[in-house]
$ cat start-v2.txt   # compact mmCIF, C-alpha atoms
# COMPACT_ATOMS: atom_id res chain seq x y z
CA MET A 1 -17.68 7.69 -5.15
CA THR A 2 -15.28 4.82 -4.77
CA GLU A 3 -16.04 1.63 -2.84
CA LYS A 4 -13.86 -0.30 -0.45
CA ILE A 5 -11.58 -2.97 -1.85
CA ASN A 6 -11.42 -6.47 -0.35
CA LEU A 7 -8.10 -7.82 -1.59
CA ALA A 8 -8.81 -11.50 -0.90
CA GLU A 9 -12.03 -11.34 -2.94
CA LYS A 10 -10.32 -9.56 -5.81
CA LEU A 11 -7.52 -12.13 -5.82
CA THR A 12 -10.01 -14.89 -6.67
CA LEU A 13 -10.52 -13.16 -10.03
CA LEU A 14 -6.93 -13.75 -11.15
CA ASP A 15 -6.56 -17.13 -12.82
CA ARG A 16 -2.83 -17.29 -13.34
CA PRO A 17 0.44 -16.06 -11.89
CA TYR A 18 1.83 -12.74 -13.10
CA LEU A 19 -1.44 -11.45 -14.49
CA PRO A 20 -1.80 -8.10 -12.71
CA GLY A 21 -5.20 -6.78 -11.70
CA ILE A 22 -5.93 -3.14 -10.93
CA VAL A 23 -8.14 -2.74 -7.86
CA GLY A 24 -7.99 1.03 -7.52
CA TYR A 25 -5.99 4.20 -7.78
CA ILE A 26 -4.47 6.83 -5.57
CA ASN A 27 -3.90 9.95 -7.63
CA ASP A 28 -1.78 8.85 -10.62
CA TYR A 29 -0.73 5.55 -9.04
CA LYS A 30 -2.39 2.19 -9.64
CA LEU A 31 -3.10 -0.30 -6.86
CA GLN A 32 -2.49 -3.75 -8.28
CA ILE A 33 -2.68 -7.30 -7.02
CA VAL A 34 -0.81 -10.21 -8.51
CA LYS A 35 -0.19 -13.88 -7.81
CA ILE A 36 3.46 -14.85 -7.87
CA LYS A 37 4.68 -18.38 -8.56
CA GLY A 38 8.02 -19.28 -10.06
CA PRO A 39 10.46 -16.71 -11.38
CA PHE A 40 9.26 -13.56 -13.14
CA VAL A 41 11.78 -11.81 -15.39
CA TRP A 42 14.77 -9.65 -14.52
CA HIS A 43 13.87 -6.03 -15.18
CA LYS A 44 14.06 -2.51 -13.85
CA HIS A 45 11.98 0.63 -13.92
CA ASP A 46 14.05 3.62 -14.93
CA ASP A 47 11.43 6.16 -13.84
CA THR A 48 9.98 4.84 -10.61
CA ASP A 49 10.39 2.96 -7.37
CA ASP A 50 8.39 -0.27 -7.14
CA PHE A 51 6.29 -1.15 -4.06
CA PHE A 52 5.75 -4.79 -3.06
CA MET A 53 3.70 -5.93 -0.07
CA VAL A 54 3.09 -9.61 0.62
CA LEU A 55 -0.57 -10.37 1.39
CA LYS A 56 -0.25 -14.16 1.56
CA GLY A 57 2.65 -16.60 1.44
CA ARG A 58 6.23 -15.58 0.90
CA ILE A 59 8.26 -14.31 -2.02
CA THR A 60 11.87 -13.62 -2.84
CA ILE A 61 12.83 -10.43 -4.61
CA GLN A 62 16.13 -11.26 -6.22
CA LEU A 63 18.49 -8.32 -6.63
CA ARG A 64 21.82 -8.57 -8.43
CA ASP A 65 23.74 -8.49 -5.12
CA ARG A 66 21.34 -10.21 -2.70
CA ASP A 67 17.95 -11.77 -2.15
CA VAL A 68 15.19 -10.06 -0.15
CA GLU A 69 12.88 -12.61 1.50
CA LEU A 70 9.42 -11.23 2.21
CA GLU A 71 6.67 -12.75 4.29
CA GLU A 72 3.05 -11.75 4.88
CA GLY A 73 2.85 -8.20 6.21
CA GLU A 74 6.24 -7.20 4.86
CA ILE A 75 7.00 -4.49 2.31
CA PHE A 76 9.97 -3.88 0.07
CA VAL A 77 10.41 -0.89 -2.20
CA VAL A 78 12.73 -1.62 -5.12
CA PRO A 79 14.50 1.66 -5.85
CA GLN A 80 14.20 3.28 -9.24
CA GLY A 81 16.61 1.77 -11.76
CA VAL A 82 17.51 -1.30 -9.69
CA GLU A 83 17.30 -4.65 -11.46
CA HIS A 84 15.10 -7.20 -9.73
CA CYS A 85 13.37 -10.50 -10.32
CA PRO A 86 10.52 -11.64 -8.04
CA THR A 87 10.03 -15.36 -7.50
CA ALA A 88 8.12 -17.71 -5.19
CA ASP A 89 8.29 -21.46 -4.60
CA GLU A 90 4.61 -21.63 -3.66
CA GLU A 91 1.90 -19.30 -4.93
CA ALA A 92 1.97 -16.02 -3.05
CA HIS A 93 -0.21 -12.92 -3.26
CA VAL A 94 1.18 -9.43 -3.51
CA LEU A 95 -0.01 -5.81 -3.53
CA LEU A 96 1.93 -3.64 -5.98
CA ILE A 97 1.83 0.15 -6.22
CA GLU A 98 3.34 1.97 -9.19
CA PRO A 99 2.55 4.95 -11.42
CA ARG A 100 -0.36 4.27 -13.81
CA ASP A 101 1.86 4.04 -16.89
CA THR A 102 4.33 1.51 -15.46
CA VAL A 103 4.78 -1.67 -17.52
CA ASN A 104 5.03 -4.84 -15.43
CA THR A 105 8.21 -6.07 -17.12
CA GLY A 106 9.88 -2.64 -17.08
CA ASP A 107 12.71 -2.39 -19.58
CA SER A 108 12.78 -6.10 -20.40
CA GLY A 109 9.55 -6.86 -22.23
CA GLY A 110 8.99 -10.46 -23.27
CA GLU A 111 6.17 -12.94 -22.96
CA LEU A 112 5.26 -12.04 -19.37
CA THR A 113 4.45 -8.45 -20.36
CA ALA A 114 0.76 -8.05 -19.57
CA GLU A 115 -1.87 -5.35 -19.64
CA PRO A 116 -3.49 -5.42 -16.19
CA LEU A 117 -7.09 -6.51 -15.77
CA GLN A 118 -9.49 -3.92 -14.41
CA LEU A 119 -10.96 -5.60 -11.35
CA MET B 1 19.92 0.44 -0.46
CA THR B 2 16.62 0.15 1.35
CA GLU B 3 15.72 -2.74 3.63
CA LYS B 4 12.48 -4.65 3.90
CA ILE B 5 9.82 -3.32 6.24
CA ASN B 6 8.05 -5.55 8.75
CA LEU B 7 4.88 -3.64 9.59
CA ALA B 8 4.05 -5.55 12.80
CA GLU B 9 7.51 -4.83 14.21
CA LYS B 10 7.32 -1.16 13.29
CA LEU B 11 3.89 -0.86 14.89
CA THR B 12 5.35 -1.76 18.29
CA LEU B 13 7.27 1.53 18.13
CA LEU B 14 4.11 3.65 18.19
CA ASP B 15 2.99 4.33 21.75
CA ARG B 16 -0.31 6.08 21.16
CA PRO B 17 -3.17 6.31 18.69
CA TYR B 18 -2.94 8.80 15.85
CA LEU B 19 0.82 9.23 16.05
CA PRO B 20 1.89 8.44 12.48
CA GLY B 21 5.18 6.70 11.76
CA ILE B 22 6.94 6.77 8.40
CA VAL B 23 8.30 3.34 7.44
CA GLY B 24 9.45 4.12 3.91
CA TYR B 25 8.83 5.95 0.68
CA ILE B 26 7.85 5.27 -2.88
CA ASN B 27 8.97 8.17 -5.01
CA ASP B 28 7.43 11.30 -3.43
CA TYR B 29 4.91 9.33 -1.35
CA LYS B 30 5.35 8.35 2.28
CA LEU B 31 4.39 4.93 3.63
CA GLN B 32 2.96 5.45 7.09
CA ILE B 33 1.56 3.28 9.82
CA VAL B 34 -0.80 4.46 12.51
CA LYS B 35 -2.84 3.05 15.37
CA ILE B 36 -6.46 4.13 15.35
CA LYS B 37 -8.64 4.18 18.44
CA GLY B 38 -11.59 6.47 18.97
CA PRO B 39 -12.56 9.24 16.59
CA PHE B 40 -9.91 11.25 14.73
CA VAL B 41 -10.99 14.65 13.39
CA TRP B 42 -13.13 15.55 10.40
CA HIS B 43 -10.84 16.81 7.66
CA LYS B 44 -10.09 16.70 3.95
CA HIS B 45 -7.07 16.88 1.72
CA ASP B 46 -7.60 19.34 -1.09
CA ASP B 47 -4.62 18.14 -3.11
CA THR B 48 -4.60 14.38 -2.81
CA ASP B 49 -6.44 11.10 -2.45
CA ASP B 50 -5.85 9.29 0.84
CA PHE B 51 -5.06 5.54 0.98
CA PHE B 52 -6.13 3.46 3.99
CA MET B 53 -5.44 -0.28 4.38
CA VAL B 54 -6.37 -2.12 7.56
CA LEU B 55 -3.55 -4.32 8.86
CA LYS B 56 -5.24 -5.42 12.09
CA GLY B 57 -8.68 -4.95 13.58
CA ARG B 58 -11.42 -2.90 11.99
CA ILE B 59 -12.06 0.78 11.45
CA THR B 60 -14.85 2.99 10.25
CA ILE B 61 -14.14 5.79 7.83
CA GLN B 62 -16.99 8.19 8.36
CA LEU B 63 -17.96 10.22 5.30
CA ARG B 64 -20.61 12.95 5.37
CA ASP B 65 -23.12 10.72 3.58
CA ARG B 66 -22.18 7.19 4.78
CA ASP B 67 -19.81 5.07 6.82
CA VAL B 68 -17.24 2.77 5.23
CA GLU B 69 -16.48 -0.23 7.46
CA LEU B 70 -13.05 -1.72 6.82
CA GLU B 71 -11.64 -4.99 8.08
CA GLU B 72 -8.18 -6.53 7.86
CA GLY B 73 -7.05 -6.80 4.25
CA GLU B 74 -9.41 -4.10 3.02
CA ILE B 75 -8.49 -0.80 1.38
CA PHE B 76 -10.38 2.43 0.95
CA VAL B 77 -9.15 5.43 -0.98
CA VAL B 78 -10.76 8.67 0.19
CA PRO B 79 -11.00 10.86 -2.90
CA GLN B 80 -9.29 14.24 -2.98
CA GLY B 81 -11.36 16.92 -1.29
CA VAL B 82 -13.79 14.55 0.45
CA GLU B 83 -14.36 15.12 4.16
CA HIS B 84 -13.74 12.08 6.32
CA CYS B 85 -13.22 11.08 9.93
CA PRO B 86 -11.64 7.70 10.78
CA THR B 87 -12.63 6.00 14.01
CA ALA B 88 -12.35 2.61 15.71
CA ASP B 89 -13.99 1.11 18.79
CA GLU B 90 -10.97 -1.10 19.52
CA GLU B 91 -7.39 -0.29 18.59
CA ALA B 92 -6.74 -1.03 14.93
CA HIS B 93 -3.63 -0.76 12.80
CA VAL B 94 -3.56 0.92 9.42
CA LEU B 95 -1.20 1.53 6.51
CA LEU B 96 -1.54 5.02 5.01
CA ILE B 97 -0.05 6.24 1.76
CA GLU B 98 0.01 9.94 0.87
CA PRO B 99 2.33 12.47 -0.72
CA ARG B 100 5.29 13.37 1.51
CA ASP B 101 4.00 16.85 2.32
CA THR B 102 0.50 15.75 3.41
CA VAL B 103 -0.52 16.88 6.91
CA ASN B 104 -2.41 14.22 8.90
CA THR B 105 -5.29 16.52 9.83
CA GLY B 106 -5.58 18.02 6.35
CA ASP B 107 -7.39 21.36 6.36
CA SER B 108 -8.60 21.06 9.96
CA GLY B 109 -5.50 21.34 12.14
CA GLY B 110 -6.03 21.06 15.89
CA GLU B 111 -4.44 19.08 18.68
CA LEU B 112 -4.19 15.80 16.75
CA THR B 113 -1.96 17.39 14.12
CA ALA B 114 1.32 15.50 14.39
CA GLU B 115 4.67 15.37 12.68
CA PRO B 116 5.25 11.70 11.83
CA LEU B 117 7.99 9.72 13.54
CA GLN B 118 10.73 8.38 11.31
CA LEU B 119 10.71 4.65 12.01
$ encode --input "start-v2.txt" --output "structure tokens"
Amino acid sequence: MTEKINLAEKLTLLDRPYLPGIVGYINDYKLQIVKIKGPFVWHKHDDTDDFFMVLKGRITIQLRDRDVELEEGEIFVVPQGVEHCPTADEEAHVLLIEPRDTVNTGDSGGELTAEPLQL
Amino acid sequence: MTEKINLAEKLTLLDRPYLPGIVGYINDYKLQIVKIKGPFVWHKHDDTDDFFMVLKGRITIQLRDRDVELEEGEIFVVPQGVEHCPTADEEAHVLLIEPRDTVNTGDSGGELTAEPLQL
């Protein structure tokens, strides 16, 4: 049987920005936490929407036509196929939900591509 | 294009416990908020896991063999097919994620069965 997940405790296990950590699953989706600081990489996911919820701090999800500013307790779902680039001036903490096989950098690849930790 | 979702603002639109409100979607999953106060109904979902995240307050997810106590910032995923009954002594606010066609009372039905509001 699964146990409950305390997100703040799990976040202490991540030692750098943009290293995703899997804290659980719902069906074939992974529940991930990540620390955001500075710009990530422009990318898109051709097969899935992308769920962001801010747990601490604030982030900007840059889209090609506008910026979405998110604070604690706010959610934004990036639609399938839409290019985006998350960024944050100060370290912020985020809950991400995506299908299990989703790669963090989507179609872009590059040095920030990371296999998530199993927390 | 979708807009960001402020969960605290959306929660003000729910006027009673156990009335679910849909705030968005990720693929074929609905993002729902609900106020919990007092016991819900024992039920299970034969086709899906069930995601609970406490946004405010604290809840107990009763299982047949134990209670799971959840505070703000904590998540519990009830596995597919497992009987559960959420409850809370004081009003608490929760984010739920389930497939779009999931009925709130699962296999049990009864008077708390509710079509979610579209918020």
$ calpha_fit_and_write --input "start-v2.txt" --fixed "chain B" --moving "chain A" --output "PDB file with C-alpha atoms, in the frame of the given file"
ATOM      1  CA  MET A   1      19.948   0.409  -0.496  1.00  0.00           C
ATOM      2  CA  THR A   2      16.667   0.131   1.320  1.00  0.00           C
ATOM      3  CA  GLU A   3      15.727  -2.748   3.623  1.00  0.00           C
ATOM      4  CA  LYS A   4      12.479  -4.636   3.895  1.00  0.00           C
ATOM      5  CA  ILE A   5       9.821  -3.314   6.235  1.00  0.00           C
ATOM      6  CA  ASN A   6       8.050  -5.567   8.748  1.00  0.00           C
ATOM      7  CA  LEU A   7       4.889  -3.650   9.591  1.00  0.00           C
ATOM      8  CA  ALA A   8       4.038  -5.542  12.788  1.00  0.00           C
ATOM      9  CA  GLU A   9       7.502  -4.830  14.221  1.00  0.00           C
ATOM     10  CA  LYS A  10       7.316  -1.165  13.293  1.00  0.00           C
ATOM     11  CA  LEU A  11       3.879  -0.869  14.888  1.00  0.00           C
ATOM     12  CA  THR A  12       5.344  -1.769  18.292  1.00  0.00           C
ATOM     13  CA  LEU A  13       7.260   1.525  18.148  1.00  0.00           C
ATOM     14  CA  LEU A  14       4.098   3.643  18.201  1.00  0.00           C
ATOM     15  CA  ASP A  15       2.972   4.325  21.753  1.00  0.00           C
ATOM     16  CA  ARG A  16      -0.312   6.078  21.161  1.00  0.00           C
ATOM     17  CA  PRO A  17      -3.176   6.297  18.699  1.00  0.00           C
ATOM     18  CA  TYR A  18      -2.936   8.796  15.850  1.00  0.00           C
ATOM     19  CA  LEU A  19       0.814   9.224  16.042  1.00  0.00           C
ATOM     20  CA  PRO A  20       1.893   8.440  12.473  1.00  0.00           C
ATOM     21  CA  GLY A  21       5.173   6.690  11.763  1.00  0.00           C
ATOM     22  CA  ILE A  22       6.941   6.754   8.410  1.00  0.00           C
ATOM     23  CA  VAL A  23       8.307   3.338   7.444  1.00  0.00           C
ATOM     24  CA  GLY A  24       9.436   4.137   3.917  1.00  0.00           C
ATOM     25  CA  TYR A  25       8.836   5.965   0.691  1.00  0.00           C
ATOM     26  CA  ILE A  26       7.858   5.270  -2.869  1.00  0.00           C
ATOM     27  CA  ASN A  27       8.976   8.177  -5.014  1.00  0.00           C
ATOM     28  CA  ASP A  28       7.420  11.295  -3.432  1.00  0.00           C
ATOM     29  CA  TYR A  29       4.900   9.345  -1.350  1.00  0.00           C
ATOM     30  CA  LYS A  30       5.341   8.352   2.287  1.00  0.00           C
ATOM     31  CA  LEU A  31       4.396   4.928   3.632  1.00  0.00           C
ATOM     32  CA  GLN A  32       2.966   5.453   7.092  1.00  0.00           C
ATOM     33  CA  ILE A  33       1.552   3.275   9.828  1.00  0.00           C
ATOM     34  CA  VAL A  34      -0.800   4.463  12.518  1.00  0.00           C
ATOM     35  CA  LYS A  35      -2.846   3.040  15.370  1.00  0.00           C
ATOM     36  CA  ILE A  36      -6.463   4.130  15.346  1.00  0.00           C
ATOM     37  CA  LYS A  37      -8.652   4.200  18.449  1.00  0.00           C
ATOM     38  CA  GLY A  38     -11.605   6.482  18.984  1.00  0.00           C
ATOM     39  CA  PRO A  39     -12.552   9.246  16.583  1.00  0.00           C
ATOM     40  CA  PHE A  40      -9.906  11.261  14.741  1.00  0.00           C
ATOM     41  CA  VAL A  41     -10.986  14.655  13.402  1.00  0.00           C
ATOM     42  CA  TRP A  42     -13.120  15.549  10.401  1.00  0.00           C
ATOM     43  CA  HIS A  43     -10.850  16.822   7.648  1.00  0.00           C
ATOM     44  CA  LYS A  44     -10.093  16.683   3.960  1.00  0.00           C
ATOM     45  CA  HIS A  45      -7.080  16.874   1.707  1.00  0.00           C
ATOM     46  CA  ASP A  46      -7.621  19.346  -1.093  1.00  0.00           C
ATOM     47  CA  ASP A  47      -4.626  18.143  -3.115  1.00  0.00           C
ATOM     48  CA  THR A  48      -4.599  14.378  -2.798  1.00  0.00           C
ATOM     49  CA  ASP A  49      -6.449  11.114  -2.450  1.00  0.00           C
ATOM     50  CA  ASP A  50      -5.863   9.296   0.842  1.00  0.00           C
ATOM     51  CA  PHE A  51      -5.057   5.554   0.986  1.00  0.00           C
ATOM     52  CA  PHE A  52      -6.123   3.457   3.988  1.00  0.00           C
ATOM     53  CA  MET A  53      -5.432  -0.258   4.385  1.00  0.00           C
ATOM     54  CA  VAL A  54      -6.372  -2.115   7.557  1.00  0.00           C
ATOM     55  CA  LEU A  55      -3.543  -4.322   8.857  1.00  0.00           C
ATOM     56  CA  LYS A  56      -5.230  -5.412  12.091  1.00  0.00           C
ATOM     57  CA  GLY A  57      -8.683  -4.946  13.588  1.00  0.00           C
ATOM     58  CA  ARG A  58     -11.404  -2.901  11.989  1.00  0.00           C
ATOM     59  CA  ILE A  59     -12.048   0.782  11.454  1.00  0.00           C
ATOM     60  CA  THR A  60     -14.845   2.996  10.247  1.00  0.00           C
ATOM     61  CA  ILE A  61     -14.126   5.804   7.833  1.00  0.00           C
ATOM     62  CA  GLN A  62     -16.990   8.189   8.358  1.00  0.00           C
ATOM     63  CA  LEU A  63     -17.960  10.216   5.303  1.00  0.00           C
ATOM     64  CA  ARG A  64     -20.596  12.942   5.375  1.00  0.00           C
ATOM     65  CA  ASP A  65     -23.121  10.700   3.572  1.00  0.00           C
ATOM     66  CA  ARG A  66     -22.181   7.206   4.790  1.00  0.00           C
ATOM     67  CA  ASP A  67     -19.826   5.070   6.819  1.00  0.00           C
ATOM     68  CA  VAL A  68     -17.229   2.775   5.227  1.00  0.00           C
ATOM     69  CA  GLU A  69     -16.475  -0.231   7.453  1.00  0.00           C
ATOM     70  CA  LEU A  70     -13.045  -1.718   6.819  1.00  0.00           C
ATOM     71  CA  GLU A  71     -11.633  -4.979   8.074  1.00  0.00           C
ATOM     72  CA  GLU A  72      -8.165  -6.522   7.863  1.00  0.00           C
ATOM     73  CA  GLY A  73      -7.046  -6.792   4.246  1.00  0.00           C
ATOM     74  CA  GLU A  74      -9.402  -4.098   3.018  1.00  0.00           C
ATOM     75  CA  ILE A  75      -8.480  -0.799   1.377  1.00  0.00           C
ATOM     76  CA  PHE A  76     -10.375   2.429   0.939  1.00  0.00           C
ATOM     77  CA  VAL A  77      -9.135   5.442  -0.978  1.00  0.00           C
ATOM     78  CA  VAL A  78     -10.755   8.672   0.198  1.00  0.00           C
ATOM     79  CA  PRO A  79     -10.992  10.868  -2.892  1.00  0.00           C
ATOM     80  CA  GLN A  80      -9.297  14.233  -2.979  1.00  0.00           C
ATOM     81  CA  GLY A  81     -11.377  16.922  -1.282  1.00  0.00           C
ATOM     82  CA  VAL A  82     -13.802  14.545   0.447  1.00  0.00           C
ATOM     83  CA  GLU A  83     -14.370  15.116   4.155  1.00  0.00           C
ATOM     84  CA  HIS A  84     -13.735  12.078   6.323  1.00  0.00           C
ATOM     85  CA  CYS A  85     -13.212  11.068   9.920  1.00  0.00           C
ATOM     86  CA  PRO A  86     -11.624   7.699  10.786  1.00  0.00           C
ATOM     87  CA  THR A  87     -12.650   6.008  14.020  1.00  0.00           C
ATOM     88  CA  ALA A  88     -12.348   2.612  15.718  1.00  0.00           C
ATOM     89  CA  ASP A  89     -13.990   1.105  18.796  1.00  0.00           C
ATOM     90  CA  GLU A  90     -10.974  -1.097  19.511  1.00  0.00           C
ATOM     91  CA  GLU A  91      -7.385  -0.286  18.591  1.00  0.00           C
ATOM     92  CA  ALA A  92      -6.743  -1.025  14.938  1.00  0.00           C
ATOM     93  CA  HIS A  93      -3.620  -0.756  12.799  1.00  0.00           C
ATOM     94  CA  VAL A  94      -3.559   0.934   9.435  1.00  0.00           C
ATOM     95  CA  LEU A  95      -1.188   1.532   6.513  1.00  0.00           C
ATOM     96  CA  LEU A  96      -1.546   5.014   5.021  1.00  0.00           C
ATOM     97  CA  ILE A  97      -0.039   6.246   1.758  1.00  0.00           C
ATOM     98  CA  GLU A  98      -0.006   9.939   0.882  1.00  0.00           C
ATOM     99  CA  PRO A  99       2.328  12.473  -0.734  1.00  0.00           C
ATOM    100  CA  ARG A 100       5.299  13.374   1.502  1.00  0.00           C
ATOM    101  CA  ASP A 101       3.987  16.850   2.318  1.00  0.00           C
ATOM    102  CA  THR A 102       0.503  15.755   3.416  1.00  0.00           C
ATOM    103  CA  VAL A 103      -0.527  16.869   6.917  1.00  0.00           C
ATOM    104  CA  ASN A 104      -2.407  14.214   8.890  1.00  0.00           C
ATOM    105  CA  THR A 105      -5.287  16.516   9.831  1.00  0.00           C
ATOM    106  CA  GLY A 106      -5.573  18.031   6.342  1.00  0.00           C
ATOM    107  CA  ASP A 107      -7.406  21.342   6.357  1.00  0.00           C
ATOM    108  CA  SER A 108      -8.592  21.066   9.957  1.00  0.00           C
ATOM    109  CA  GLY A 109      -5.501  21.331  12.133  1.00  0.00           C
ATOM    110  CA  GLY A 110      -6.027  21.057  15.876  1.00  0.00           C
ATOM    111  CA  GLU A 111      -4.454  19.083  18.673  1.00  0.00           C
ATOM    112  CA  LEU A 112      -4.208  15.807  16.741  1.00  0.00           C
ATOM    113  CA  THR A 113      -1.948  17.398  14.117  1.00  0.00           C
ATOM    114  CA  ALA A 114       1.319  15.485  14.383  1.00  0.00           C
ATOM    115  CA  GLU A 115       4.669  15.357  12.660  1.00  0.00           C
ATOM    116  CA  PRO A 116       5.241  11.683  11.822  1.00  0.00           C
ATOM    117  CA  LEU A 117       7.986   9.717  13.534  1.00  0.00           C
ATOM    118  CA  GLN A 118      10.733   8.366  11.310  1.00  0.00           C
ATOM    119  CA  LEU A 119      10.691   4.646  12.018  1.00  0.00           C
TER     120      LEU A 119
END
$ closest_atom_pairs --input "start-v2.txt" --of "chain B" --to "chain A" --cutoff "8 Å" --atoms "only C-alpha atoms" --output "JSON lines"
{"residue": "B:Met1", "atom": "CA", "partner": "A:Pro79", "partner_atom": "CA", "distance": 7.7}
{"residue": "B:Thr2", "atom": "CA", "partner": "A:Val77", "partner_atom": "CA", "distance": 7.2}
{"residue": "B:Glu3", "atom": "CA", "partner": "A:Phe76", "partner_atom": "CA", "distance": 6.9}
{"residue": "B:Lys4", "atom": "CA", "partner": "A:Phe76", "partner_atom": "CA", "distance": 4.6}
{"residue": "B:Ile5", "atom": "CA", "partner": "A:Ile75", "partner_atom": "CA", "distance": 5.0}
{"residue": "B:Asn6", "atom": "CA", "partner": "A:Glu74", "partner_atom": "CA", "distance": 4.6}
{"residue": "B:Leu7", "atom": "CA", "partner": "A:Gly73", "partner_atom": "CA", "distance": 6.0}
{"residue": "B:Ala8", "atom": "CA", "partner": "A:Gly73", "partner_atom": "CA", "distance": 7.2}
{"residue": "B:Gly24", "atom": "CA", "partner": "A:Val77", "partner_atom": "CA", "distance": 8.0}
{"residue": "B:Tyr25", "atom": "CA", "partner": "A:Val77", "partner_atom": "CA", "distance": 7.6}
{"residue": "B:Ile26", "atom": "CA", "partner": "A:Asp49", "partner_atom": "CA", "distance": 5.7}
{"residue": "B:Asn27", "atom": "CA", "partner": "A:Asp49", "partner_atom": "CA", "distance": 5.9}
{"residue": "B:Thr48", "atom": "CA", "partner": "A:Asn27", "partner_atom": "CA", "distance": 6.6}
{"residue": "B:Asp49", "atom": "CA", "partner": "A:Ile26", "partner_atom": "CA", "distance": 5.6}
{"residue": "B:Asp50", "atom": "CA", "partner": "A:Ile26", "partner_atom": "CA", "distance": 7.0}
{"residue": "B:Phe51", "atom": "CA", "partner": "A:Ile26", "partner_atom": "CA", "distance": 6.7}
{"residue": "B:Leu55", "atom": "CA", "partner": "A:Gly73", "partner_atom": "CA", "distance": 7.9}
{"residue": "B:Val68", "atom": "CA", "partner": "A:Lys4", "partner_atom": "CA", "distance": 7.3}
{"residue": "B:Leu70", "atom": "CA", "partner": "A:Lys4", "partner_atom": "CA", "distance": 7.5}
{"residue": "B:Gly73", "atom": "CA", "partner": "A:Leu7", "partner_atom": "CA", "distance": 6.0}
{"residue": "B:Glu74", "atom": "CA", "partner": "A:Asn6", "partner_atom": "CA", "distance": 4.6}
{"residue": "B:Ile75", "atom": "CA", "partner": "A:Ile5", "partner_atom": "CA", "distance": 5.0}
{"residue": "B:Phe76", "atom": "CA", "partner": "A:Lys4", "partner_atom": "CA", "distance": 4.6}
{"residue": "B:Val77", "atom": "CA", "partner": "A:Ile26", "partner_atom": "CA", "distance": 6.7}
{"residue": "B:Val78", "atom": "CA", "partner": "A:Thr2", "partner_atom": "CA", "distance": 7.7}
{"residue": "B:Pro79", "atom": "CA", "partner": "A:Thr2", "partner_atom": "CA", "distance": 7.6}
$ atom_distance --input "start-v2.txt" --atom1 "atom CA of Thr60 of chain B" --atom2 "atom CA of Ala92 of chain A"
28.7 Å
$ atom_distance --input "start-v2.txt" --atom1 "atom CA of Ile36 of chain B" --atom2 "atom CA of Leu13 of chain B"
14.2 Å
$ atom_distance --input "start-v2.txt" --atom1 "atom CA of Leu96 of chain A" --atom2 "atom CA of Glu90 of chain B"
28.7 Å
